[in-house]
Amino acid sequence: MELTRRFVFRGNASAIAGQIFRPKTIIVDVDGASSLGVSGGRSQSQIKGRSFGDIITFGSAFTLAEGLFDDEKKARDVTNHKGSQLDLDSTTTVTSEVRELSVGHAPVLTVKRARATLVSRKPDGSGGEPSIAPARDTTIQGVAIGGHGLAINLNVSLFQKYDTRSKVVAAASDAKVMRSFGSQFVAGATIAGVAPTSRDGLIVRYGVIYTTIVKEIRWEGKPFPGAKIDGHSVIVPEFGTVYFGELFVASAERRLTMVRFELGSPIGGYGDSVDVESNGSWYP
């Protein structure tokens, strides 16, 4: 057997997910998501809104995963034994959007619209890192906790500029970059159960870097009583913690989650909304 070198597509988009355990078990079960097979193509879904108990509701959602060779004529020639896939460029696009999201009760987290798109371009045939970056349509709008508005300022251009893991690592080694964008590289964060280091740096586990596309969070008016903004998260009494714009950066993939919540008392559980993942690599 002789294996032909080929490009293995990968792209996934989820609108909403989660599992609640208190006061009763609720599994978020949505009849729609998008995922690519290894050969690429297109997968998309339009999802009607629904409720999960009285804890999570949303109005509508959309997901898309698309992986295509950029030049149809060249791709056709390769299928006719004129060249190989190594000669072809490809682009993978993953998008998720959710409207009218509501989580919890007394207080309630509400999001009018959240959308995320990652665009991945294949690495060269020598096995370099793919370019993967959030697109300009990535946004989060109309966020409030218990009716108290939150302005969430995103900076997607930072990770368009640093579109590979190697570029992120190099940028984090630049003192000037870290002074300007340390909050997005989550400098100074610690890991529960792990002794802190003597200096700020990237959070890295198993080669995956933890970052955020959130530049700043601030209250639009009076803050929710007792709530605390901590970087790209908000800690809310009698609710839990909400994280916005989390971006995992690995050498061959990125994963962007626009809203993730860890619910505390009186509701206990975990969930997320608008989650996209993209990568692609040569094999063998």
# chains A, B, ... in the order shown; residues from 1 in each chain; ligands from 1

$ residues_around --residues "Thr138 (chain A)" --least-positions-apart "2" --cutoff "7 Å" --atoms "only C-alpha atoms" --output "PyMOL selection string"
chain A and resi 115-117+134-136

$ write_last_selection --atoms "C-alpha atoms" --output "PDB file, in the first residue's frame"
ATOM      1  CA  ARG A 115     -21.062  35.541  16.742  1.00  0.00           C
ATOM      2  CA  ALA A 116     -17.644  34.012  16.123  1.00  0.00           C
ATOM      3  CA  THR A 117     -15.778  33.115  12.936  1.00  0.00           C
ATOM      4  CA  PRO A 134     -10.772  35.332  14.034  1.00  0.00           C
ATOM      5  CA  ALA A 135     -12.700  37.201  11.358  1.00  0.00           C
ATOM      6  CA  ARG A 136     -13.968  40.776  11.596  1.00  0.00           C
TER       7      ARG A 136
END

$ residues_around --residues "Ala61 (chain A)" --least-positions-apart "5" --cutoff "12 Å" --atoms "only C-alpha atoms" --output "PyMOL selection string"
chain A and resi 13-16+30-34+44-50+95-101+112-116+273-275

$ select_by_dssp --residues "region 38-275 of chain A" --states "strand (DSSP E or B)" --output "PyMOL selection string"
chain A and resi 41-52+56-69+90-103+109-121+131-134+139-145+148-154+203-205+208-212+214-219+228-230+233-236+240-249+253-263+268-275

$ write_last_selection --atoms "C-alpha atoms" --output "tab-separated table (two decimals), in the first residue's frame"
chain	number	residue	atom	x	y	z
A	41	GLY	CA	-17.07	20.41	1.94
A	42	ARG	CA	-19.77	22.34	3.74
A	43	SER	CA	-21.95	21.70	6.79
A	44	GLN	CA	-24.48	24.21	8.05
A	45	SER	CA	-27.52	24.40	10.28
A	46	GLN	CA	-30.31	26.80	11.16
A	47	ILE	CA	-31.44	26.10	14.72
A	48	LYS	CA	-34.77	27.11	16.21
A	49	GLY	CA	-34.75	28.59	19.68
A	50	ARG	CA	-35.73	26.54	22.67
A	51	SER	CA	-35.52	26.33	26.45
A	52	PHE	CA	-33.76	23.93	28.79
A	56	ILE	CA	-31.10	28.32	29.56
A	57	THR	CA	-33.04	29.71	26.59
A	58	PHE	CA	-32.12	31.14	23.20
A	59	GLY	CA	-34.07	32.67	20.33
A	60	SER	CA	-32.25	31.28	17.27
A	61	ALA	CA	-28.85	30.04	16.16
A	62	PHE	CA	-26.77	29.37	13.06
A	63	THR	CA	-23.64	27.30	12.47
A	64	LEU	CA	-21.38	26.79	9.47
A	65	ALA	CA	-18.27	24.73	8.78
A	66	GLU	CA	-16.78	24.99	5.28
A	67	GLY	CA	-13.49	23.60	4.01
A	68	LEU	CA	-12.72	24.13	0.32
A	69	PHE	CA	-9.79	24.10	-2.06
A	90	SER	CA	-7.39	25.65	0.91
A	91	THR	CA	-9.46	27.73	3.30
A	92	THR	CA	-11.56	26.52	6.23
A	93	THR	CA	-14.21	28.80	7.72
A	94	VAL	CA	-16.21	28.04	10.86
A	95	THR	CA	-18.98	30.31	12.16
A	96	SER	CA	-21.49	30.17	15.00
A	97	GLU	CA	-24.11	32.73	15.95
A	98	VAL	CA	-26.69	32.78	18.75
A	99	ARG	CA	-29.37	35.38	19.37
A	100	GLU	CA	-31.37	36.21	22.50
A	101	LEU	CA	-29.44	34.00	24.93
A	102	SER	CA	-30.62	33.88	28.55
A	103	VAL	CA	-28.95	31.95	31.38
A	109	LEU	CA	-27.29	36.68	32.07
A	110	THR	CA	-28.64	37.93	28.73
A	111	VAL	CA	-26.85	38.29	25.39
A	112	LYS	CA	-28.70	39.75	22.41
A	113	ARG	CA	-26.24	38.48	19.81
A	114	ALA	CA	-22.94	36.62	19.85
A	115	ARG	CA	-21.06	35.54	16.74
A	116	ALA	CA	-17.64	34.01	16.12
A	117	THR	CA	-15.78	33.12	12.94
A	118	LEU	CA	-12.36	31.51	12.55
A	119	VAL	CA	-10.66	31.38	9.15
A	120	SER	CA	-7.87	28.86	8.61
A	121	ARG	CA	-5.51	28.64	5.66
A	131	SER	CA	-2.71	30.60	9.65
A	132	ILE	CA	-5.84	30.66	11.83
A	133	ALA	CA	-7.45	33.96	12.78
A	134	PRO	CA	-10.77	35.33	14.03
A	139	THR	CA	-18.86	40.19	17.94
A	140	ILE	CA	-20.84	40.13	21.16
A	141	GLN	CA	-23.68	42.58	21.70
A	142	GLY	CA	-26.32	43.45	24.26
A	143	VAL	CA	-24.78	41.74	27.29
A	144	ALA	CA	-26.39	42.32	30.69
A	145	ILE	CA	-26.46	40.70	34.11
A	148	HIS	CA	-27.09	45.83	34.34
A	149	GLY	CA	-25.38	46.33	30.98
A	150	LEU	CA	-21.84	45.22	30.20
A	151	ALA	CA	-19.74	46.69	27.40
A	152	ILE	CA	-17.35	44.05	26.06
A	153	ASN	CA	-14.60	45.51	23.90
A	154	LEU	CA	-13.01	42.96	21.55
A	203	ILE	CA	-0.61	30.07	30.39
A	204	VAL	CA	0.44	26.91	28.52
A	205	ARG	CA	-0.72	23.35	29.08
A	208	VAL	CA	-1.94	24.88	24.13
A	209	ILE	CA	-1.85	28.60	24.97
A	210	TYR	CA	-4.78	30.26	26.76
A	211	THR	CA	-5.62	33.76	25.48
A	212	THR	CA	-8.64	36.00	24.96
A	214	VAL	CA	-11.47	40.53	24.96
A	215	LYS	CA	-9.60	43.80	25.41
A	216	GLU	CA	-11.77	45.26	28.16
A	217	ILE	CA	-15.03	44.73	30.05
A	218	ARG	CA	-16.80	47.58	31.81
A	219	TRP	CA	-20.24	48.33	33.19
A	228	LYS	CA	-16.59	41.75	40.08
A	229	ILE	CA	-14.93	42.11	36.69
A	230	ASP	CA	-11.74	40.04	36.57
A	233	SER	CA	-14.57	37.20	33.25
A	234	VAL	CA	-17.32	38.47	35.52
A	235	ILE	CA	-17.96	36.93	38.93
A	236	VAL	CA	-21.59	37.34	40.00
A	240	GLY	CA	-21.33	32.03	39.23
A	241	THR	CA	-18.67	33.14	36.75
A	242	VAL	CA	-19.02	34.08	33.08
A	243	TYR	CA	-16.02	34.03	30.73
A	244	PHE	CA	-16.03	35.91	27.42
A	245	GLY	CA	-13.94	35.47	24.28
A	246	GLU	CA	-11.66	32.60	25.32
A	247	LEU	CA	-9.18	31.60	22.60
A	248	PHE	CA	-7.06	28.44	22.73
A	249	VAL	CA	-3.98	28.60	20.49
A	253	GLU	CA	-5.56	24.55	15.70
A	254	ARG	CA	-7.47	27.31	17.47
A	255	ARG	CA	-10.69	27.22	19.43
A	256	LEU	CA	-12.76	30.31	20.22
A	257	THR	CA	-15.60	30.35	22.76
A	258	MET	CA	-17.57	33.57	23.03
A	259	VAL	CA	-19.53	32.82	26.24
A	260	ARG	CA	-18.78	30.18	28.87
A	261	PHE	CA	-20.45	29.98	32.27
A	262	GLU	CA	-19.76	28.08	35.46
A	263	LEU	CA	-22.95	28.28	37.49
A	268	GLY	CA	-24.94	24.28	39.55
A	269	GLY	CA	-23.55	23.32	36.16
A	270	TYR	CA	-21.57	24.27	33.09
A	271	GLY	CA	-22.35	25.62	29.66
A	272	ASP	CA	-21.12	27.61	26.70
A	273	SER	CA	-22.45	29.38	23.64
A	274	VAL	CA	-20.89	30.18	20.26
A	275	ASP	CA	-17.90	27.84	20.10

$ select_by_dssp --residues "region 108-216 of chain A" --states "alpha helix (DSSP H)" --output "list in words"
Ser157, Leu158, Phe159, Gln160, Lys161, Arg165, Ser166, Lys167, Val168, Val169, Ala170, Ala171, Ala172, Ala175, Lys176, Val177, Met178, Arg179, Ser180 and Phe181 of chain A

$ atom_distance --atom1 "CA of Leu3 (chain A)" --atom2 "CA of Pro284 (chain A)"
7.5 Å

$ residues_around --residues "Gln85 (chain A)" --least-positions-apart "3" --cutoff "12 Å" --atoms "only C-alpha atoms" --output "PyMOL selection string"
chain A and resi 4-8+39+69-71+74-82+88-90+122+124-125+281-283

$ write_last_selection --atoms "N, CA and C atoms" --output "PDB file, in the first residue's frame"
ATOM      1  N   THR A   4      -1.044   8.340  -0.324  1.00  0.00           N
ATOM      2  CA  THR A   4      -0.864   9.623  -0.987  1.00  0.00           C
ATOM      3  C   THR A   4      -0.995  10.742   0.035  1.00  0.00           C
ATOM      4  N   ARG A   5      -0.064  11.675   0.023  1.00  0.00           N
ATOM      5  CA  ARG A   5      -0.149  12.786   0.960  1.00  0.00           C
ATOM      6  C   ARG A   5      -1.363  13.636   0.614  1.00  0.00           C
ATOM      7  N   ARG A   6      -2.139  13.955   1.642  1.00  0.00           N
ATOM      8  CA  ARG A   6      -3.387  14.689   1.425  1.00  0.00           C
ATOM      9  C   ARG A   6      -3.592  15.689   2.544  1.00  0.00           C
ATOM     10  N   PHE A   7      -4.490  16.641   2.293  1.00  0.00           N
ATOM     11  CA  PHE A   7      -4.839  17.619   3.310  1.00  0.00           C
ATOM     12  C   PHE A   7      -6.064  17.124   4.055  1.00  0.00           C
ATOM     13  N   VAL A   8      -5.959  17.033   5.382  1.00  0.00           N
ATOM     14  CA  VAL A   8      -7.058  16.564   6.219  1.00  0.00           C
ATOM     15  C   VAL A   8      -7.783  17.784   6.791  1.00  0.00           C
ATOM     16  N   SER A  39     -12.482  15.185   4.126  1.00  0.00           N
ATOM     17  CA  SER A  39     -12.352  15.629   2.739  1.00  0.00           C
ATOM     18  C   SER A  39     -12.850  17.046   2.508  1.00  0.00           C
ATOM     19  N   PHE A  69     -10.981  23.726  -1.312  1.00  0.00           N
ATOM     20  CA  PHE A  69      -9.789  24.101  -2.064  1.00  0.00           C
ATOM     21  C   PHE A  69     -10.091  25.404  -2.796  1.00  0.00           C
ATOM     22  N   ASP A  70      -9.127  26.313  -2.795  1.00  0.00           N
ATOM     23  CA  ASP A  70      -9.391  27.666  -3.266  1.00  0.00           C
ATOM     24  C   ASP A  70      -9.576  27.762  -4.777  1.00  0.00           C
ATOM     25  N   ASP A  71      -8.880  26.935  -5.521  1.00  0.00           N
ATOM     26  CA  ASP A  71      -8.910  27.005  -6.981  1.00  0.00           C
ATOM     27  C   ASP A  71      -9.578  25.748  -7.534  1.00  0.00           C
ATOM     28  N   LYS A  74      -7.677  23.999 -10.522  1.00  0.00           N
ATOM     29  CA  LYS A  74      -6.507  23.228 -10.100  1.00  0.00           C
ATOM     30  C   LYS A  74      -6.926  21.939  -9.391  1.00  0.00           C
ATOM     31  N   ALA A  75      -7.963  22.031  -8.569  1.00  0.00           N
ATOM     32  CA  ALA A  75      -8.443  20.845  -7.858  1.00  0.00           C
ATOM     33  C   ALA A  75      -8.968  19.804  -8.844  1.00  0.00           C
ATOM     34  N   ARG A  76      -9.650  20.278  -9.878  1.00  0.00           N
ATOM     35  CA  ARG A  76     -10.152  19.351 -10.902  1.00  0.00           C
ATOM     36  C   ARG A  76      -8.985  18.661 -11.609  1.00  0.00           C
ATOM     37  N   ASP A  77      -7.929  19.434 -11.897  1.00  0.00           N
ATOM     38  CA  ASP A  77      -6.766  18.841 -12.558  1.00  0.00           C
ATOM     39  C   ASP A  77      -6.108  17.775 -11.695  1.00  0.00           C
ATOM     40  N   VAL A  78      -6.034  18.019 -10.393  1.00  0.00           N
ATOM     41  CA  VAL A  78      -5.427  17.025  -9.495  1.00  0.00           C
ATOM     42  C   VAL A  78      -6.216  15.722  -9.533  1.00  0.00           C
ATOM     43  N   THR A  79      -7.550  15.815  -9.598  1.00  0.00           N
ATOM     44  CA  THR A  79      -8.352  14.591  -9.674  1.00  0.00           C
ATOM     45  C   THR A  79      -8.135  13.854 -10.994  1.00  0.00           C
ATOM     46  N   ASN A  80      -7.548  14.566 -11.958  1.00  0.00           N
ATOM     47  CA  ASN A  80      -7.255  13.950 -13.261  1.00  0.00           C
ATOM     48  C   ASN A  80      -5.759  13.645 -13.376  1.00  0.00           C
ATOM     49  N   HIS A  81      -5.119  13.463 -12.204  1.00  0.00           N
ATOM     50  CA  HIS A  81      -3.709  13.031 -12.133  1.00  0.00           C
ATOM     51  C   HIS A  81      -2.749  14.072 -12.709  1.00  0.00           C
ATOM     52  N   LYS A  82      -3.131  15.344 -12.634  1.00  0.00           N
ATOM     53  CA  LYS A  82      -2.248  16.430 -13.060  1.00  0.00           C
ATOM     54  C   LYS A  82      -1.854  17.224 -11.816  1.00  0.00           C
ATOM     55  N   LEU A  88      -2.302  22.509  -3.988  1.00  0.00           N
ATOM     56  CA  LEU A  88      -3.564  23.213  -3.791  1.00  0.00           C
ATOM     57  C   LEU A  88      -3.577  24.016  -2.489  1.00  0.00           C
ATOM     58  N   ASP A  89      -4.099  25.224  -2.562  1.00  0.00           N
ATOM     59  CA  ASP A  89      -4.369  26.011  -1.365  1.00  0.00           C
ATOM     60  C   ASP A  89      -5.802  25.733  -0.911  1.00  0.00           C
ATOM     61  N   SER A  90      -6.040  25.880   0.392  1.00  0.00           N
ATOM     62  CA  SER A  90      -7.390  25.646   0.906  1.00  0.00           C
ATOM     63  C   SER A  90      -7.698  26.633   2.023  1.00  0.00           C
ATOM     64  N   LYS A 122      -4.367  26.667   4.916  1.00  0.00           N
ATOM     65  CA  LYS A 122      -3.504  25.494   5.085  1.00  0.00           C
ATOM     66  C   LYS A 122      -2.036  25.891   5.180  1.00  0.00           C
ATOM     67  N   ASP A 124       2.026  25.327   4.387  1.00  0.00           N
ATOM     68  CA  ASP A 124       2.675  24.876   3.160  1.00  0.00           C
ATOM     69  C   ASP A 124       3.017  23.399   3.276  1.00  0.00           C
ATOM     70  N   GLY A 125       3.410  22.807   2.185  1.00  0.00           N
ATOM     71  CA  GLY A 125       3.648  21.369   2.142  1.00  0.00           C
ATOM     72  C   GLY A 125       4.781  20.890   3.017  1.00  0.00           C
ATOM     73  N   SER A 281      -4.303  19.885   8.509  1.00  0.00           N
ATOM     74  CA  SER A 281      -2.908  19.444   8.460  1.00  0.00           C
ATOM     75  C   SER A 281      -2.717  18.423   7.339  1.00  0.00           C
ATOM     76  N   TRP A 282      -1.451  18.293   6.955  1.00  0.00           N
ATOM     77  CA  TRP A 282      -1.108  17.286   5.961  1.00  0.00           C
ATOM     78  C   TRP A 282      -0.934  15.922   6.621  1.00  0.00           C
ATOM     79  N   TYR A 283      -1.295  14.873   5.886  1.00  0.00           N
ATOM     80  CA  TYR A 283      -1.079  13.522   6.382  1.00  0.00           C
ATOM     81  C   TYR A 283      -0.910  12.588   5.195  1.00  0.00           C
TER      82      TYR A 283
END

$ atom_distance --atom1 "CA of Met178 (chain A)" --atom2 "CA of Gly280 (chain A)"
28.9 Å

$ closest_residue --among "A:His232, A:Arg10, A:Arg179, A:Arg22" --to "Gly104 (chain A)" --atoms "only C-alpha atoms"
A:Arg22

$ residues_around --residues "Gly11 (chain A)" --least-positions-apart "3" --cutoff "6 Å" --atoms "only C-alpha atoms" --output "list in words"
Ser35, Leu36, Ala65, Glu277 and Ser278 of chain A

$ write_last_selection --atoms "N, CA and C atoms" --output "PDB file, in the first residue's frame"
ATOM      1  N   SER A  35     -19.998  20.256  11.333  1.00  0.00           N
ATOM      2  CA  SER A  35     -18.705  19.590  11.453  1.00  0.00           C
ATOM      3  C   SER A  35     -18.277  19.080  10.085  1.00  0.00           C
ATOM      4  N   LEU A  36     -16.970  19.203   9.798  1.00  0.00           N
ATOM      5  CA  LEU A  36     -16.446  18.760   8.512  1.00  0.00           C
ATOM      6  C   LEU A  36     -15.905  17.341   8.586  1.00  0.00           C
ATOM      7  N   ALA A  65     -19.647  25.196   8.920  1.00  0.00           N
ATOM      8  CA  ALA A  65     -18.267  24.730   8.776  1.00  0.00           C
ATOM      9  C   ALA A  65     -18.046  24.465   7.292  1.00  0.00           C
ATOM     10  N   GLU A 277     -14.064  25.875  16.212  1.00  0.00           N
ATOM     11  CA  GLU A 277     -12.726  25.276  16.218  1.00  0.00           C
ATOM     12  C   GLU A 277     -12.308  25.000  14.784  1.00  0.00           C
ATOM     13  N   SER A 278     -11.040  25.287  14.482  1.00  0.00           N
ATOM     14  CA  SER A 278     -10.563  25.052  13.125  1.00  0.00           C
ATOM     15  C   SER A 278      -9.105  24.650  13.135  1.00  0.00           C
TER      16      SER A 278
END

$ closest_residue --among "A:Val194, A:Val108, A:Pro123, A:Phe159" --to "Leu86 (chain A)" --atoms "only C-alpha atoms"
A:Pro123

$ atom_distance --atom1 "CA of Pro225 (chain A)" --atom2 "CA of Gly146 (chain A)"
9.5 Å
